[in-house]
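Structure file work-v4.txt with compact mmCIF, C-alpha atoms and all ligand atoms:
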# COMPACT_ATOMS: atom_id res chain seq x y z
CA MET Y 1 29.88 -3.63 45.50
CA THR Y 2 27.96 -1.94 48.28
CA GLY Y 3 25.35 -3.02 50.75
CA THR Y 4 24.89 -5.89 53.15
CA SER Y 5 21.90 -7.64 51.61
CA PRO Y 6 22.41 -11.35 51.02
CA ASP Y 7 20.76 -10.91 47.61
CA LEU Y 8 22.81 -9.47 44.76
CA ARG Y 9 20.75 -6.43 43.76
CA LEU Y 10 20.29 -6.31 40.00
CA GLY Y 11 19.46 -3.57 37.52
CA VAL Y 12 17.94 -4.73 34.23
CA LEU Y 13 18.18 -2.94 30.86
CA GLY Y 14 15.59 -4.18 28.34
CA TYR Y 15 12.62 -6.36 29.26
CA GLY Y 16 11.50 -8.02 26.00
CA LEU Y 17 11.65 -11.71 25.16
CA ARG Y 18 14.85 -12.20 27.16
CA GLY Y 19 13.22 -10.61 30.16
CA SER Y 20 12.90 -14.31 31.05
CA LEU Y 21 16.48 -14.05 32.38
CA ALA Y 22 15.49 -11.19 34.71
CA ARG Y 23 12.60 -13.29 36.03
CA LEU Y 24 14.98 -16.22 36.60
CA ALA Y 25 17.35 -13.89 38.45
CA HIS Y 26 14.60 -12.48 40.65
CA ARG Y 27 14.75 -14.78 43.65
CA PRO Y 28 14.31 -12.58 46.70
CA GLY Y 29 15.98 -14.18 49.69
CA SER Y 30 17.69 -16.81 47.52
CA GLY Y 31 20.70 -14.96 46.13
CA SER Y 32 19.58 -12.23 43.74
CA ARG Y 33 16.71 -9.90 43.01
CA VAL Y 34 15.76 -7.18 40.56
CA VAL Y 35 15.66 -3.72 42.15
CA ALA Y 36 15.60 -1.48 39.07
CA LEU Y 37 14.67 -1.88 35.41
CA ALA Y 38 14.69 0.33 32.32
CA ASP Y 39 12.85 -0.21 29.05
CA HIS Y 40 11.93 2.31 26.35
CA ASP Y 41 8.48 0.80 25.88
CA GLU Y 42 5.74 1.95 28.24
CA ALA Y 43 3.65 -1.22 27.92
CA VAL Y 44 6.73 -3.26 28.76
CA ARG Y 45 7.40 -1.07 31.81
CA ASP Y 46 3.82 -1.71 33.02
CA ARG Y 47 4.43 -5.45 32.77
CA ALA Y 48 7.76 -5.11 34.57
CA ALA Y 49 6.14 -3.16 37.43
CA LYS Y 50 3.81 -6.12 38.02
CA ASP Y 51 6.60 -8.70 37.77
CA PHE Y 52 8.99 -6.87 40.12
CA PRO Y 53 6.88 -5.14 42.79
CA GLY Y 54 8.79 -2.38 44.52
CA ALA Y 55 11.52 -2.15 41.87
CA ARG Y 56 12.35 1.23 40.34
CA ILE Y 57 10.93 1.10 36.78
CA THR Y 58 12.06 3.77 34.31
CA GLY Y 59 12.59 4.56 30.63
CA ASP Y 60 16.17 5.73 31.17
CA HIS Y 61 19.05 3.26 31.52
CA ARG Y 62 21.12 5.88 33.38
CA GLU Y 63 18.68 5.81 36.29
CA VAL Y 64 19.24 2.06 36.61
CA ILE Y 65 23.02 2.08 36.25
CA GLY Y 66 23.35 5.01 38.65
CA HIS Y 67 20.78 3.75 41.15
CA PRO Y 68 22.51 3.50 44.54
CA ASP Y 69 20.95 0.09 45.28
CA VAL Y 70 22.06 -1.55 42.03
CA GLU Y 71 25.10 -3.81 42.44
CA ALA Y 72 25.20 -5.46 38.99
CA VAL Y 73 23.49 -4.95 35.63
CA LEU Y 74 21.86 -7.28 33.09
CA VAL Y 75 21.92 -5.93 29.50
CA LEU Y 76 19.01 -7.60 27.66
CA THR Y 77 18.45 -5.02 24.90
CA PRO Y 78 18.88 -5.51 21.12
CA ASP Y 79 22.40 -6.35 19.94
CA HIS Y 80 23.47 -2.96 18.55
CA THR Y 81 22.98 -1.30 21.96
CA HIS Y 82 25.11 -3.74 23.95
CA ALA Y 83 28.48 -1.97 23.79
CA ASP Y 84 27.14 1.44 24.82
CA LEU Y 85 25.08 0.09 27.71
CA ALA Y 86 27.74 -2.37 28.89
CA CYS Y 87 30.45 0.32 28.81
CA ALA Y 88 28.22 2.70 30.80
CA ALA Y 89 27.69 0.03 33.46
CA LEU Y 90 31.38 -0.92 33.53
CA ARG Y 91 32.44 2.72 33.93
CA ALA Y 92 30.03 3.01 36.86
CA GLY Y 93 31.77 0.04 38.46
CA ARG Y 94 28.80 -2.31 38.05
CA PRO Y 95 29.61 -5.90 37.04
CA VAL Y 96 27.67 -6.52 33.87
CA PHE Y 97 25.97 -9.45 32.16
CA VAL Y 98 25.64 -8.80 28.41
CA GLU Y 99 23.37 -11.00 26.33
CA LYS Y 100 24.96 -12.53 23.29
CA PRO Y 101 26.17 -11.38 20.84
CA LEU Y 102 28.58 -9.00 22.59
CA ASP Y 103 27.71 -6.39 19.93
CA ILE Y 104 27.44 -6.22 16.14
CA THR Y 105 30.98 -5.23 15.10
CA VAL Y 106 34.48 -6.27 16.14
CA GLU Y 107 35.34 -2.66 16.99
CA ARG Y 108 32.42 -2.34 19.39
CA CYS Y 109 33.26 -5.67 21.03
CA ASP Y 110 36.87 -4.57 21.50
CA LEU Y 111 35.64 -1.35 23.08
CA VAL Y 112 33.73 -3.37 25.69
CA LEU Y 113 36.76 -5.57 26.44
CA ARG Y 114 39.06 -2.53 26.73
CA THR Y 115 36.58 -0.75 29.00
CA ALA Y 116 36.34 -3.80 31.27
CA ARG Y 117 40.14 -3.92 31.44
CA ALA Y 118 40.52 -0.15 32.06
CA THR Y 119 37.86 -0.04 34.78
CA GLY Y 120 38.68 -3.43 36.31
CA THR Y 121 34.92 -4.13 36.43
CA ARG Y 122 33.72 -7.69 35.87
CA LEU Y 123 32.32 -8.51 32.43
CA TYR Y 124 30.25 -11.61 31.63
CA VAL Y 125 28.76 -12.51 28.23
CA GLY Y 126 25.64 -14.70 28.19
CA HIS Y 127 26.61 -17.46 25.79
CA ASN Y 128 24.10 -19.86 27.31
CA MET Y 129 24.78 -22.66 24.81
CA ARG Y 130 27.97 -23.44 26.72
CA HIS Y 131 25.65 -24.69 29.45
CA MET Y 132 23.42 -26.77 27.16
CA PRO Y 133 23.65 -30.46 28.07
CA VAL Y 134 24.15 -31.59 24.44
CA VAL Y 135 27.10 -29.22 24.00
CA ARG Y 136 28.69 -30.24 27.30
CA LEU Y 137 28.28 -33.93 26.43
CA MET Y 138 30.03 -33.45 23.07
CA ARG Y 139 32.80 -31.46 24.72
CA ASP Y 140 33.29 -34.13 27.41
CA LEU Y 141 33.44 -36.90 24.82
CA ILE Y 142 36.09 -34.96 22.89
CA ALA Y 143 38.08 -34.15 26.05
CA ARG Y 144 38.08 -37.86 26.99
CA GLY Y 145 39.80 -38.60 23.68
CA GLY Y 146 36.80 -40.36 22.17
CA ILE Y 147 37.58 -39.24 18.62
CA GLY Y 148 41.31 -38.43 18.85
CA THR Y 149 42.46 -34.91 17.99
CA VAL Y 150 39.71 -32.76 16.46
CA ARG Y 151 40.49 -31.93 12.82
CA THR Y 152 37.22 -30.72 11.36
CA VAL Y 153 33.80 -29.58 12.66
CA TRP Y 154 30.64 -29.26 10.55
CA VAL Y 155 27.60 -27.51 11.99
CA ARG Y 156 24.19 -27.33 10.35
CA HIS Y 157 21.58 -25.09 11.93
CA PHE Y 158 18.02 -25.66 10.78
CA VAL Y 159 16.26 -22.53 12.03
CA GLY Y 160 12.71 -23.76 11.53
CA TYR Y 161 11.19 -20.84 13.47
CA GLY Y 162 13.35 -18.34 11.62
CA GLY Y 163 10.46 -16.64 9.85
CA ASP Y 164 8.79 -15.86 13.18
CA TRP Y 165 11.86 -15.07 15.26
CA TYR Y 166 14.14 -13.22 12.84
CA PHE Y 167 12.06 -11.69 10.06
CA LYS Y 168 9.34 -9.92 12.07
CA ASP Y 169 11.33 -7.34 14.05
CA TRP Y 170 14.75 -5.67 14.40
CA HIS Y 171 16.58 -8.94 13.72
CA ALA Y 172 15.74 -8.53 10.01
CA GLU Y 173 17.78 -5.32 9.64
CA ARG Y 174 21.53 -5.05 9.10
CA ARG Y 175 21.71 -1.82 11.06
CA PHE Y 176 20.61 -3.65 14.22
CA THR Y 177 22.41 -6.98 13.75
CA THR Y 178 24.99 -6.78 10.91
CA GLY Y 179 23.39 -10.05 9.75
CA LEU Y 180 22.09 -13.39 11.00
CA LEU Y 181 25.49 -14.99 10.55
CA LEU Y 182 26.48 -12.84 13.48
CA GLN Y 183 23.16 -12.47 15.33
CA LYS Y 184 22.09 -16.10 15.24
CA ALA Y 185 25.38 -17.84 14.49
CA ALA Y 186 27.37 -16.25 17.34
CA HIS Y 187 26.15 -19.10 19.58
CA ASP Y 188 27.28 -21.88 17.29
CA LEU Y 189 30.50 -20.20 16.20
CA ASP Y 190 31.37 -19.93 19.89
CA VAL Y 191 30.52 -23.59 20.51
CA LEU Y 192 32.40 -24.61 17.36
CA HIS Y 193 35.47 -22.74 18.65
CA TRP Y 194 35.03 -24.33 22.10
CA LEU Y 195 34.78 -27.88 20.72
CA ALA Y 196 37.67 -27.37 18.30
CA GLY Y 197 39.95 -25.64 20.82
CA GLY Y 198 40.77 -22.68 18.56
CA TYR Y 199 39.49 -19.42 17.14
CA THR Y 200 38.73 -18.55 13.50
CA ARG Y 201 41.62 -16.89 11.61
CA GLN Y 202 40.15 -16.94 8.13
CA VAL Y 203 36.57 -17.12 6.90
CA GLN Y 204 34.69 -17.30 3.62
CA ALA Y 205 30.94 -17.42 3.01
CA LEU Y 206 28.10 -17.44 0.50
CA GLY Y 207 24.55 -16.46 1.36
CA GLU Y 208 21.31 -15.01 0.01
CA LEU Y 209 17.91 -13.70 1.00
CA MET Y 210 16.07 -16.47 -0.87
CA VAL Y 211 12.58 -16.80 0.60
CA TYR Y 212 11.44 -14.05 2.98
CA GLY Y 213 12.51 -11.27 0.62
CA ASP Y 214 9.71 -12.37 -1.73
CA VAL Y 215 6.95 -12.32 0.92
CA PRO Y 216 4.97 -9.11 0.29
CA HIS Y 217 3.07 -9.11 3.60
CA ARG Y 218 5.03 -6.59 5.65
CA ARG Y 219 3.90 -4.46 8.59
CA ALA Y 220 3.77 -0.71 8.15
CA PRO Y 221 6.62 1.15 9.89
CA GLY Y 222 5.73 1.54 13.58
CA GLU Y 223 2.91 -1.03 13.45
CA PRO Y 224 3.28 -3.53 16.33
CA LYS Y 225 3.78 -7.26 15.78
CA SER Y 226 0.52 -9.20 15.60
CA ALA Y 227 -0.53 -11.32 18.61
CA ASP Y 228 0.04 -14.54 16.63
CA TRP Y 229 3.53 -13.57 15.35
CA TYR Y 230 4.85 -16.90 16.67
CA THR Y 231 3.21 -20.31 16.49
CA GLU Y 232 4.51 -23.73 17.39
CA ASP Y 233 3.40 -25.48 14.18
CA GLY Y 234 1.67 -22.89 11.98
CA HIS Y 235 3.04 -20.35 9.51
CA TRP Y 236 3.93 -23.10 7.08
CA PRO Y 237 5.08 -23.10 4.34
CA PRO Y 238 7.20 -19.96 4.69
CA HIS Y 239 5.56 -18.01 1.86
CA THR Y 240 2.31 -17.93 3.87
CA GLN Y 241 3.96 -15.74 6.53
CA ARG Y 242 2.24 -12.43 7.35
CA GLY Y 243 3.35 -9.37 9.30
CA LEU Y 244 7.03 -9.45 8.41
CA ASN Y 245 9.31 -6.54 9.32
CA PRO Y 246 8.92 -3.53 6.99
CA VAL Y 247 12.64 -3.77 6.09
CA ILE Y 248 14.37 -7.10 5.45
CA ASP Y 249 17.98 -6.83 4.34
CA VAL Y 250 19.63 -9.84 6.03
CA GLU Y 251 20.17 -13.25 4.44
CA ASP Y 252 17.97 -16.28 5.19
CA VAL Y 253 20.47 -18.94 4.07
CA SER Y 254 24.25 -18.88 4.57
CA LEU Y 255 27.15 -21.31 4.10
CA VAL Y 256 30.44 -20.57 5.83
CA ASN Y 257 33.95 -22.09 5.71
CA LEU Y 258 36.40 -21.38 8.53
CA ARG Y 259 40.10 -21.96 9.19
CA LEU Y 260 40.97 -21.90 12.87
CA ASP Y 261 44.24 -20.79 14.46
CA ASN Y 262 45.04 -24.42 15.46
CA GLY Y 263 44.64 -25.70 11.90
CA VAL Y 264 41.10 -27.07 12.32
CA LEU Y 265 38.88 -26.56 9.26
CA ALA Y 266 35.20 -26.00 9.95
CA ALA Y 267 31.91 -25.34 8.21
CA TYR Y 268 28.72 -23.72 9.46
CA GLN Y 269 25.41 -23.62 7.63
CA GLN Y 270 22.25 -21.78 8.61
CA CYS Y 271 18.82 -21.89 6.97
CA HIS Y 272 15.72 -20.00 8.16
CA PHE Y 273 13.08 -21.76 6.08
CA THR Y 274 13.37 -25.39 7.16
CA PRO Y 275 10.30 -27.13 8.63
CA ASP Y 276 12.26 -28.36 11.66
CA TYR Y 277 14.32 -26.47 14.26
CA TRP Y 278 17.51 -28.03 15.58
CA ARG Y 279 21.29 -28.06 15.33
CA ASN Y 280 23.40 -30.90 14.00
CA TYR Y 281 27.10 -31.07 14.91
CA THR Y 282 29.54 -33.47 13.30
CA VAL Y 283 33.00 -33.45 14.84
CA ILE Y 284 35.70 -35.53 13.14
CA GLY Y 285 38.99 -36.27 14.84
CA ASP Y 286 41.97 -38.30 13.66
CA ALA Y 287 40.57 -41.34 15.52
CA GLY Y 288 36.80 -41.12 15.27
CA ARG Y 289 33.70 -39.11 14.60
CA LEU Y 290 30.77 -37.94 16.73
CA GLU Y 291 27.40 -36.55 15.78
CA ASN Y 292 24.28 -35.46 17.67
CA PHE Y 293 20.79 -36.58 16.67
CA GLY Y 294 18.45 -34.00 18.16
CA ASP Y 295 19.68 -31.48 20.68
CA GLY Y 296 17.21 -31.55 23.57
CA PRO Y 297 17.09 -33.77 26.64
CA GLY Y 298 16.83 -37.45 25.68
CA SER Y 299 18.42 -36.98 22.27
CA VAL Y 300 21.57 -38.91 21.41
CA VAL Y 301 25.22 -38.26 20.63
CA LYS Y 302 26.76 -41.15 18.72
CA VAL Y 303 30.44 -41.95 18.43
CA TRP Y 304 32.07 -44.08 15.74
CA ASN Y 305 35.67 -44.91 16.63
CA ALA Y 306 36.27 -48.70 16.64
CA ARG Y 307 36.59 -49.69 12.98
CA ARG Y 308 35.89 -48.74 9.39
CA SER Y 309 32.70 -49.83 7.67
CA GLU Y 310 29.90 -48.87 5.33
CA TYR Y 311 27.12 -46.74 6.85
CA ARG Y 312 26.36 -48.00 10.35
CA GLY Y 313 23.32 -46.57 12.13
CA GLU Y 314 24.32 -48.26 15.36
CA ALA Y 315 27.46 -46.44 16.44
CA ASP Y 316 30.29 -47.81 18.59
CA ALA Y 317 28.89 -45.84 21.49
CA ALA Y 318 25.76 -43.78 22.03
CA TYR Y 319 25.19 -41.31 24.85
CA THR Y 320 21.85 -39.88 25.89
CA VAL Y 321 21.75 -36.12 26.42
CA PRO Y 322 20.85 -35.68 30.09
CA ASP Y 323 17.79 -33.80 31.20
CA ALA Y 324 19.00 -30.81 33.17
CA GLY Y 325 15.81 -31.14 35.18
CA ASP Y 326 14.79 -27.56 34.50
CA ASP Y 327 12.91 -26.50 31.41
CA ALA Y 328 13.19 -22.80 32.25
CA GLY Y 329 14.96 -22.01 28.99
CA HIS Y 330 17.36 -23.50 26.46
CA ALA Y 331 17.38 -27.03 27.92
CA GLY Y 332 18.16 -25.72 31.39
CA ALA Y 333 21.04 -23.51 30.25
CA ASP Y 334 19.41 -20.20 31.21
CA PRO Y 335 19.18 -20.81 34.99
CA LEU Y 336 22.79 -21.97 34.87
CA ILE Y 337 24.13 -18.81 33.20
CA VAL Y 338 22.16 -16.64 35.61
CA ALA Y 339 23.62 -18.56 38.55
CA GLU Y 340 27.12 -18.39 37.06
CA PHE Y 341 26.83 -14.63 36.58
CA VAL Y 342 25.55 -14.00 40.11
CA ARG Y 343 28.45 -15.99 41.53
CA PHE Y 344 30.96 -14.27 39.22
CA ALA Y 345 29.64 -10.76 39.95
CA ARG Y 346 30.08 -11.38 43.66
CA GLU Y 347 33.27 -13.41 43.81
CA GLY Y 348 34.98 -13.34 40.41
CA GLY Y 349 36.85 -16.48 39.37
CA ARG Y 350 36.53 -18.91 36.47
CA THR Y 351 33.47 -19.05 34.24
CA ASP Y 352 32.56 -21.40 31.41
CA THR Y 353 31.65 -18.46 29.20
CA SER Y 354 34.40 -16.12 28.03
CA PRO Y 355 34.36 -12.48 26.88
CA VAL Y 356 37.33 -13.12 24.58
CA ALA Y 357 35.55 -16.09 23.01
CA ALA Y 358 32.41 -13.96 22.64
CA ARG Y 359 34.45 -11.39 20.71
CA MET Y 360 35.96 -14.12 18.54
CA ALA Y 361 32.49 -15.44 17.67
CA VAL Y 362 31.40 -11.94 16.61
CA ALA Y 363 34.62 -11.51 14.63
CA ALA Y 364 34.03 -14.77 12.72
CA GLY Y 365 30.38 -13.87 12.07
CA ALA Y 366 31.19 -10.33 10.99
CA GLY Y 367 33.98 -11.54 8.68
CA ALA Y 368 31.67 -14.18 7.17
CA THR Y 369 28.99 -11.55 6.57
CA GLU Y 370 31.48 -9.25 4.85
CA SER Y 371 32.62 -12.18 2.72
CA LEU Y 372 29.15 -13.23 1.57
CA ARG Y 373 28.29 -9.64 0.68
CA ASP Y 374 31.47 -9.40 -1.36
CA GLY Y 375 31.18 -12.41 -3.65
CA GLY Y 376 32.53 -14.94 -1.16
CA THR Y 377 36.01 -13.44 -0.94
CA PRO Y 378 37.97 -14.57 2.16
CA ARG Y 379 38.39 -12.39 5.23
CA SER Y 380 40.97 -12.52 8.03
CA VAL Y 381 39.85 -12.03 11.61
CA PRO Y 382 41.51 -8.98 13.21
CA ASP Y 383 43.82 -9.80 16.13
CA LEU Y 384 42.82 -8.93 19.65
CA ASP Y 385 45.40 -7.06 21.78
CA ALA Y 386 47.59 -9.61 23.57
CA ASP Y 387 47.32 -7.77 26.88
CA LEU Y 388 43.53 -8.01 26.72
CA ILE Y 389 43.73 -11.74 26.12
CA THR Y 390 46.06 -12.10 29.10
CA TYR Y 391 43.80 -10.00 31.32
CA PHE Y 392 40.77 -12.16 30.59
CA GLU Y 393 42.74 -15.43 30.75
CA ARG Y 394 43.81 -14.45 34.26
CA GLY Y 395 40.17 -14.22 35.26
CA GLN Y 396 39.95 -10.43 34.80
CA ARG Y 397 42.75 -9.62 37.21
CA ALA Y 398 45.35 -6.98 36.32
N1 LIG S 401 21.11 -16.24 24.51
C1 LIG S 401 20.01 -16.53 23.85
O1 LIG S 401 19.64 -17.68 23.71
C2 LIG S 401 19.19 -15.42 23.28
C3 LIG S 401 17.92 -15.68 22.78
C4 LIG S 401 17.17 -14.60 22.30
C5 LIG S 401 17.71 -13.34 22.30
N2 LIG S 401 18.98 -13.12 22.77
C6 LIG S 401 19.55 -11.77 22.80
O2 LIG S 401 18.92 -11.05 23.87
C7 LIG S 401 18.85 -9.67 23.54
C8 LIG S 401 17.41 -9.19 23.66
O3 LIG S 401 16.64 -9.88 22.70
P1 LIG S 401 15.05 -9.94 22.82
O4 LIG S 401 14.60 -11.01 21.90
O5 LIG S 401 14.64 -9.97 24.26
O6 LIG S 401 14.64 -8.52 22.20
P2 LIG S 401 13.23 -7.77 22.33
O7 LIG S 401 13.12 -6.89 21.15
O8 LIG S 401 12.14 -8.74 22.63
O9 LIG S 401 13.40 -6.87 23.65
C9 LIG S 401 14.34 -5.85 23.75
C10 LIG S 401 13.77 -4.81 24.75
O10 LIG S 401 14.77 -3.81 24.96
C11 LIG S 401 14.12 -2.54 25.01
N3 LIG S 401 15.14 -1.52 24.71
C12 LIG S 401 15.76 -1.24 23.52
N4 LIG S 401 16.73 -0.32 23.70
C13 LIG S 401 16.76 -0.01 25.01
C14 LIG S 401 17.54 0.85 25.81
N5 LIG S 401 18.54 1.58 25.29
N6 LIG S 401 17.28 0.91 27.15
C15 LIG S 401 16.29 0.19 27.70
N7 LIG S 401 15.51 -0.66 26.98
C16 LIG S 401 15.73 -0.77 25.67
C17 LIG S 401 13.00 -2.64 24.00
O11 LIG S 401 11.98 -1.70 24.27
C18 LIG S 401 12.52 -4.08 24.23
O12 LIG S 401 11.50 -4.18 25.18
C19 LIG S 401 19.41 -9.55 22.12
O13 LIG S 401 20.76 -9.15 22.19
C20 LIG S 401 19.29 -10.95 21.57
O14 LIG S 401 20.25 -11.21 20.56
C21 LIG S 401 19.71 -14.14 23.28

Have the structure of the file written as structure tokens, please.
Amino acid sequence: MTGTSPDLRLGVLGYGLRGSLARLAHRPGSGSRVVALADHDEAVRDRAAKDFPGARITGDHREVIGHPDVEAVLVLTPDHTHADLACAALRAGRPVFVEKPLDITVERCDLVLRTARATGTRLYVGHNMRHMPVVRLMRDLIARGGIGTVRTVWVRHFVGYGGDWYFKDWHAERRFTTGLLLQKAAHDLDVLHWLAGGYTRQVQALGELMVYGDVPHRRAPGEPKSADWYTEDGHWPPHTQRGLNPVIDVEDVSLVNLRLDNGVLAAYQQCHFTPDYWRNYTVIGDAGRLENFGDGPGSVVKVWNARRSEYRGEADAAYTVPDAGDDAGHAGADPLIVAEFVRFAREGGRTDTSPVAARMAVAAGAGATESLRDGGTPRSVPDLDADLITYFERGQRA
């Protein structure tokens, strides 16, 4: 890194919905600030110029990566662009934050990991769920031995806002995402791996486009999203949706079975046409079971571990998910990943997120997607080079 400023000087690529991370990172005088930003969309660039006065705003990512003032880069563009942009930043010697998922194929993820290793430049992947209080509470309870050794993990993701978030823009197209089992599930597959202490070796899935494929109200190609594309409680039931993406070729319901390298068996289910939005984790060990009820601050994780019984609503222990005290995104997880990246870009060292784990989440999601598009036949996850694993385990030191 160059320069003597106390703020880490950031370049930003992509300023759409996740531009929220750039705004969180822009704290002049308090550790980091945005000095350059690229987005392909002119209207977005106008907005960025107002949000980051004095920053260099451009349509060309090369001007940001090569800008002499930029010390580190945030990649906040759509998934299929991540590997190219991250590799360009790494080759320029700029520590890089890549939004999840790392990219949309295993090969492209491995290219990013190899480039980080070859250049020795720091790579960080923004799996913010690792900083969500509900996830950390479940992980702590498991680490304290509350349910014995984890044997099986079942995750259900009710994606109540799926019609708005995933079927009205690029998310709906395979060419930009591979599929929602990768795009959306990468978070939960990563958390599932983290809670279970292993990575997926074998995967099998079934899935369909059951609901949104039948909605005839699509935008014309090139037509922008309508102002009311998202509502808190409208757009219900799903068949009343309007303004969907012109092309929809991803699934809206998927059921996945996974075998992990430590013997844990797991299941993940995702549905985009539920009325409610939340995630339910059930983790069963050889001496107990835990489950979350709600996933925001104030919700509860219950543990049953004292005796056998019929159904018991009151568990042996119940833990309230703490309020991170910051509602700036994903139950307070977003400010924490930004802070972790700024610290890591400057100093290196341990992080709670992991590039290898990010690759393993993509590999599980990509394998599951292949499986469901091939009659549910099982897939094995390709190995990652052992020397890459070692490099990242050592904290990205040769
Ligand atoms: N971690 C999370 O919780 C979370 C949540 C939502 C989205 N995401 C991820 O964040 C990323 C961005 O998603 P989003 O919802 O903000 O998308 P978006 O479509 O709202 O914004 C993407 C922006 O990138 C710009 N862009 C595209 N290609 C570019 C390029 N080559 N150079 C410069 N700009 C470019 C587009 O013009 C657009 O403004 C995705 O990878 C998505 O999966 C993560």

- Contacts of Y:Tyr161 at 9 Å (only C-alpha atoms; same-chain gap of 4+ positions) as number ranges by chain: Y: 165-166, 230-232, 272-277

- Task: List all protein, DNA and RNA residues that have at least one atom no more than 6 Å from any atom of ligand LIG 401 (chain S), counting all atoms listed in the file, and write them as an MDAnalysis selection string.
- Result: chainID Y and resid 13:18 38:41 61 76:79 99:101 127:128

- Message: List the spatial neighbours of Y:Pro6 as a ChimeraX atom specification - criterion: any atom at most 9 Å away, all atoms listed in the file, same-chain residues fewer than 4 positions off excluded.
- Response: /Y:29-32

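Atom CA of Y:Ile142 is found 12.6 Å from atom CA of Y:Tyr281.
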
Could you work out an axis-aligned box for stretch 283-295 of chain Y, taking every atom the file lists and adding 5 Å on each side, and report centre and edge lengths in Å to one decimal, as AutoDock Vina command-line options?
--center_x 30.2 --center_y -36.4 --center_z 16.9 --size_x 33.5 --size_y 19.9 --size_z 17.5

- How many Å lie between atom CA of Y:Thr58 and atom CA of Y:Arg45, rounded to one decimal? 7.2 Å
